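This report refers to the structure that appears directly beneath it.
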Amino acid sequence: MSSPSLSGASEPPDPNLGPVLIDANELQARVTELGRQITDDYAGRAPLLVGVLKGAFMFMSDLARAVRLPVEFDFMAVASYGSSTKASGVVRIVKDLDLDLSGRHVLLVEDIVDSGLTLSYLRRNLLARGPASLEVCALLVKEGIQEREPDFRYVGFRIPPTFVIGYGLDIAERYRNLPYICAWAG
Ligand code: IMP
């Protein structure tokens, strides 16, 4: 664990940043592995990557570059009702997909699974649109929180149930541009 800074040694330390849980090298190495696995599993097909905004934008962009297949992209944005650090499980679609999912091999790309309520809502919603297949790739899964083991094919890292920021993940829209994942200490 190293002590994080926002943009360089000349910056004063940000007291809101806790320990680094996953550094930039570990992120890139794991994303490359996931990309290889997806490339093998979907050989001969053109999967449709569905990113969940905003948190998954950075992961999705790196993951897509690690997949050696003719992928297509779509995005949806959801908002979950709740406090800034706790989801309520009631999900509202803020931006819906542009593409039709029927007959497509859909890979849902999620930033983080906390309670798992957002993911189970999205799964039901996307399955109702008649894809040929639906799998989930989540960068982070918090351990010991979900009531049932969430149904996903690809997981980047399992982390302790603490609030984290960086690499797309925010608190009040800030810190998404950190190139690593660290605990929120604020
Ligand atoms: P869930 O429905 O409880 O699984 O929450 C999932 C959503 O809540 C994620 O897609 C994130 O947008 C947000 N979220 C949950 N935990 C964190 C965290 O530790 N940092 C940043 N966002 C989080």
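Ordering of the structure tokens sets the chain letters (A, B, ...); residue numbers start at 1 within each chain; ligands are numbered from 1 in the order shown.
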
Write out as a VMD selection string all residues of region 17-168 of chain A that backbone DSSP assigns to strand (DSSP E).
chain A and resid 17 to 22 48 to 53 72 to 83 86 to 95 105 to 113 133 to 142 154 to 159 164 to 165

Which residues sit within 6 Å of ligand 1, counting only C-alpha atoms and all ligand atoms, listed as number ranges by chain?
A: 55, 87, 89, 111-118, 163-165, 169-170

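Using only C-alpha atoms, the nearest neighbour of Arg129 (chain A) within the list A:Asp14, A:Asp100, A:Asp62, A:Glu33 is A:Asp100.
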
List the spatial neighbours of Ala185 (chain A) as a PyMOL selection string - criterion: any atom at most 8 Å away, only C-alpha atoms, same-chain residues fewer than 5 positions off excluded.
chain A and resi 15-18

Please list as a PDB file with all heavy atoms, in the first residue's frame every residue within 9 Å of region 160-162 of chain A, counting only C-alpha atoms and excluding residues in the same chain fewer than 3 positions away.
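File produced: out-v2.pdb:
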ATOM      1  N   ASP A 114     -21.985  -3.805  -5.278  1.00  0.00           N
ATOM      2  CA  ASP A 114     -22.012  -3.603  -3.822  1.00  0.00           C
ATOM      3  C   ASP A 114     -23.112  -4.512  -3.265  1.00  0.00           C
ATOM      4  O   ASP A 114     -22.873  -5.696  -3.038  1.00  0.00           O
ATOM      5  CB  ASP A 114     -22.271  -2.109  -3.572  1.00  0.00           C
ATOM      6  CG  ASP A 114     -22.189  -1.718  -2.110  1.00  0.00           C
ATOM      7  OD1 ASP A 114     -22.025  -2.600  -1.257  1.00  0.00           O
ATOM      8  OD2 ASP A 114     -22.290  -0.515  -1.800  1.00  0.00           O
ATOM      9  N   VAL A 141     -16.000  -6.470  -7.050  1.00  0.00           N
ATOM     10  CA  VAL A 141     -17.123  -7.022  -6.283  1.00  0.00           C
ATOM     11  C   VAL A 141     -16.761  -6.915  -4.810  1.00  0.00           C
ATOM     12  O   VAL A 141     -15.688  -7.358  -4.392  1.00  0.00           O
ATOM     13  CB  VAL A 141     -17.379  -8.501  -6.650  1.00  0.00           C
ATOM     14  CG1 VAL A 141     -18.474  -9.077  -5.771  1.00  0.00           C
ATOM     15  CG2 VAL A 141     -17.762  -8.623  -8.111  1.00  0.00           C
ATOM     16  N   LYS A 142     -17.648  -6.295  -4.051  1.00  0.00           N
ATOM     17  CA  LYS A 142     -17.403  -6.221  -2.603  1.00  0.00           C
ATOM     18  C   LYS A 142     -17.804  -7.540  -1.971  1.00  0.00           C
ATOM     19  O   LYS A 142     -18.891  -8.062  -2.248  1.00  0.00           O
ATOM     20  CB  LYS A 142     -18.220  -5.066  -1.996  1.00  0.00           C
ATOM     21  CG  LYS A 142     -17.713  -3.714  -2.426  1.00  0.00           C
ATOM     22  CD  LYS A 142     -18.363  -2.609  -1.626  1.00  0.00           C
ATOM     23  CE  LYS A 142     -18.082  -1.268  -2.275  1.00  0.00           C
ATOM     24  NZ  LYS A 142     -18.787  -0.159  -1.606  1.00  0.00           N
ATOM     25  N   GLU A 143     -16.926  -8.048  -1.136  1.00  0.00           N
ATOM     26  CA  GLU A 143     -17.157  -9.380  -0.573  1.00  0.00           C
ATOM     27  C   GLU A 143     -18.091  -9.341   0.618  1.00  0.00           C
ATOM     28  O   GLU A 143     -18.054  -8.416   1.428  1.00  0.00           O
ATOM     29  CB  GLU A 143     -15.823  -9.986  -0.142  1.00  0.00           C
ATOM     30  CG  GLU A 143     -15.009 -10.403  -1.341  1.00  0.00           C
ATOM     31  CD  GLU A 143     -13.866 -11.320  -0.956  1.00  0.00           C
ATOM     32  OE1 GLU A 143     -13.002 -10.855  -0.208  1.00  0.00           O
ATOM     33  OE2 GLU A 143     -13.870 -12.478  -1.417  1.00  0.00           O
ATOM     34  N   GLY A 144     -18.933 -10.371   0.698  1.00  0.00           N
ATOM     35  CA  GLY A 144     -19.750 -10.600   1.893  1.00  0.00           C
ATOM     36  C   GLY A 144     -20.914  -9.658   2.044  1.00  0.00           C
ATOM     37  O   GLY A 144     -21.428  -9.502   3.149  1.00  0.00           O
ATOM     38  N   ILE A 145     -21.356  -9.013   0.969  1.00  0.00           N
ATOM     39  CA  ILE A 145     -22.444  -8.042   1.088  1.00  0.00           C
ATOM     40  C   ILE A 145     -23.727  -8.554   0.439  1.00  0.00           C
ATOM     41  O   ILE A 145     -24.812  -8.348   0.945  1.00  0.00           O
ATOM     42  CB  ILE A 145     -22.047  -6.725   0.391  1.00  0.00           C
ATOM     43  CG1 ILE A 145     -20.889  -6.099   1.123  1.00  0.00           C
ATOM     44  CG2 ILE A 145     -23.219  -5.785   0.300  1.00  0.00           C
ATOM     45  CD1 ILE A 145     -20.894  -4.608   1.106  1.00  0.00           C
ATOM     46  N   ALA A 183      -9.283   3.577  -1.185  1.00  0.00           N
ATOM     47  CA  ALA A 183     -10.376   3.708  -0.224  1.00  0.00           C
ATOM     48  C   ALA A 183     -10.709   5.188  -0.043  1.00  0.00           C
ATOM     49  O   ALA A 183      -9.838   6.054  -0.188  1.00  0.00           O
ATOM     50  CB  ALA A 183      -9.964   3.091   1.103  1.00  0.00           C
ATOM     51  N   TRP A 184     -11.956   5.451   0.238  1.00  0.00           N
ATOM     52  CA  TRP A 184     -12.401   6.805   0.558  1.00  0.00           C
ATOM     53  C   TRP A 184     -12.212   7.014   2.053  1.00  0.00           C
ATOM     54  O   TRP A 184     -12.721   6.238   2.859  1.00  0.00           O
ATOM     55  CB  TRP A 184     -13.883   6.948   0.177  1.00  0.00           C
ATOM     56  CG  TRP A 184     -14.556   8.172   0.720  1.00  0.00           C
ATOM     57  CD1 TRP A 184     -15.492   8.229   1.698  1.00  0.00           C
ATOM     58  CD2 TRP A 184     -14.357   9.525   0.279  1.00  0.00           C
ATOM     59  NE1 TRP A 184     -15.885   9.525   1.916  1.00  0.00           N
ATOM     60  CE2 TRP A 184     -15.198  10.347   1.056  1.00  0.00           C
ATOM     61  CE3 TRP A 184     -13.528  10.118  -0.684  1.00  0.00           C
ATOM     62  CZ2 TRP A 184     -15.255  11.723   0.896  1.00  0.00           C
ATOM     63  CZ3 TRP A 184     -13.584  11.495  -0.841  1.00  0.00           C
ATOM     64  CH2 TRP A 184     -14.449  12.289  -0.055  1.00  0.00           C
TER      65      TRP A 184
END

Within 10 Å of Gly103 (chain A), counting only C-alpha atoms, which residues show up once you throw out same-chain ones fewer than 5 positions away? Write them as number ranges by chain, please.
A: 129-133

So which one's closest to Leu139 (chain A), A:Arg158, A:Arg65, A:Lys54, A:Arg92? Using only C-alpha atoms, please.
A:Arg158

With only C-alpha atoms as the counted atoms, please give the residues lying no more than 12 Å from Val78 (chain A), apart from itself and same-chain residues fewer than 5 positions off, as a list in words.
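Here the qualifying residues turn out to be Gly51, Val52, Leu53, Lys54, Gly55, Ala56, Ala87, Gly89, Val90, Val91, Arg92, Ile93, Val94, Lys95, Asp96, Leu97, Glu110, Thr118, Leu119, Tyr121, Leu122 and Asn125 of chain A.
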
Writer output for current selection, N, CA and C atoms, as a short mmCIF file (atom, residue, chain, number, x, y, z; two decimals), in the first residue's frame:
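Output contents, as saved in out26.cif:
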data_model
loop_
_atom_site.label_atom_id
_atom_site.label_comp_id
_atom_site.auth_asym_id
_atom_site.auth_seq_id
_atom_site.Cartn_x
_atom_site.Cartn_y
_atom_site.Cartn_z
N GLY A 51 -21.99 -0.73 -21.51
CA GLY A 51 -21.36 -0.11 -20.35
C GLY A 51 -22.38 0.64 -19.52
N VAL A 52 -22.21 0.53 -18.20
CA VAL A 52 -23.12 1.24 -17.31
C VAL A 52 -22.41 2.52 -16.85
N LEU A 53 -22.95 3.63 -17.31
CA LEU A 53 -22.37 4.94 -16.99
C LEU A 53 -22.79 5.38 -15.59
N LYS A 54 -22.02 6.23 -14.95
CA LYS A 54 -20.78 6.70 -15.54
C LYS A 54 -19.59 5.83 -15.10
N GLY A 55 -19.76 5.11 -14.02
CA GLY A 55 -18.63 4.46 -13.35
C GLY A 55 -17.80 3.54 -14.22
N ALA A 56 -18.43 2.90 -15.23
CA ALA A 56 -17.71 1.88 -16.00
C ALA A 56 -16.96 2.44 -17.20
N ALA A 87 -26.47 2.51 -1.93
CA ALA A 87 -27.55 2.37 -2.92
C ALA A 87 -28.79 1.81 -2.23
N GLY A 89 -31.26 0.29 -4.14
CA GLY A 89 -31.79 -0.83 -4.93
C GLY A 89 -32.91 -0.41 -5.85
N VAL A 90 -33.40 0.82 -5.69
CA VAL A 90 -34.42 1.31 -6.61
C VAL A 90 -33.68 2.06 -7.72
N VAL A 91 -33.79 1.50 -8.93
CA VAL A 91 -32.96 1.99 -10.02
C VAL A 91 -33.82 2.69 -11.07
N ARG A 92 -33.31 3.78 -11.58
CA ARG A 92 -34.01 4.53 -12.63
C ARG A 92 -33.09 4.62 -13.82
N ILE A 93 -33.62 4.33 -15.02
CA ILE A 93 -32.80 4.45 -16.23
C ILE A 93 -32.78 5.91 -16.66
N VAL A 94 -31.59 6.51 -16.64
CA VAL A 94 -31.44 7.92 -16.99
C VAL A 94 -31.17 8.07 -18.48
N LYS A 95 -30.38 7.12 -19.02
CA LYS A 95 -30.16 7.07 -20.47
C LYS A 95 -30.30 5.61 -20.88
N ASP A 96 -31.18 5.38 -21.84
CA ASP A 96 -31.38 3.99 -22.28
C ASP A 96 -30.45 3.68 -23.45
N LEU A 97 -30.39 2.39 -23.80
CA LEU A 97 -29.55 1.96 -24.91
C LEU A 97 -30.09 2.50 -26.22
N GLU A 110 -19.86 -3.63 -15.82
CA GLU A 110 -20.21 -2.89 -14.60
C GLU A 110 -18.95 -2.46 -13.86
N THR A 118 -28.44 -3.23 -8.10
CA THR A 118 -28.40 -2.59 -9.42
C THR A 118 -28.20 -3.64 -10.50
N LEU A 119 -27.26 -4.55 -10.25
CA LEU A 119 -26.97 -5.59 -11.23
C LEU A 119 -28.18 -6.49 -11.45
N TYR A 121 -31.29 -5.76 -11.10
CA TYR A 121 -32.29 -4.99 -11.87
C TYR A 121 -31.90 -4.94 -13.35
N LEU A 122 -30.61 -4.64 -13.61
CA LEU A 122 -30.16 -4.51 -15.00
C LEU A 122 -30.27 -5.83 -15.75
N ASN A 125 -33.85 -6.40 -16.68
CA ASN A 125 -34.24 -5.44 -17.70
C ASN A 125 -33.68 -5.83 -19.07
#

As a short mmCIF file (atom, residue, chain, number, x, y, z; two decimals) with C-alpha atoms, in the first residue's frame, please: the residues near Pro47 (chain A) (cut-off 9 Å, only C-alpha atoms, same-chain neighbours under 6 positions excluded).
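Okay, this is what ended up in around.cif:
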data_model
loop_
_atom_site.label_atom_id
_atom_site.label_comp_id
_atom_site.auth_asym_id
_atom_site.auth_seq_id
_atom_site.Cartn_x
_atom_site.Cartn_y
_atom_site.Cartn_z
CA LEU A 69 -12.86 -9.17 -31.66
CA PRO A 70 -15.18 -6.94 -33.69
CA VAL A 71 -17.02 -5.56 -30.65
CA GLU A 72 -19.83 -3.03 -30.72
CA PHE A 73 -20.66 -0.59 -27.94
CA ARG A 104 -27.16 -10.13 -29.74
CA HIS A 105 -24.46 -11.56 -27.50
CA VAL A 106 -24.51 -8.93 -24.80
CA LEU A 107 -21.74 -8.40 -22.27
#

Could you check the closest approach to Phe57 (chain A) for each of A:Ile22, A:Leu34, A:Val109, A:Leu99 and tell me which residue wins, using only C-alpha atoms?
A:Val109
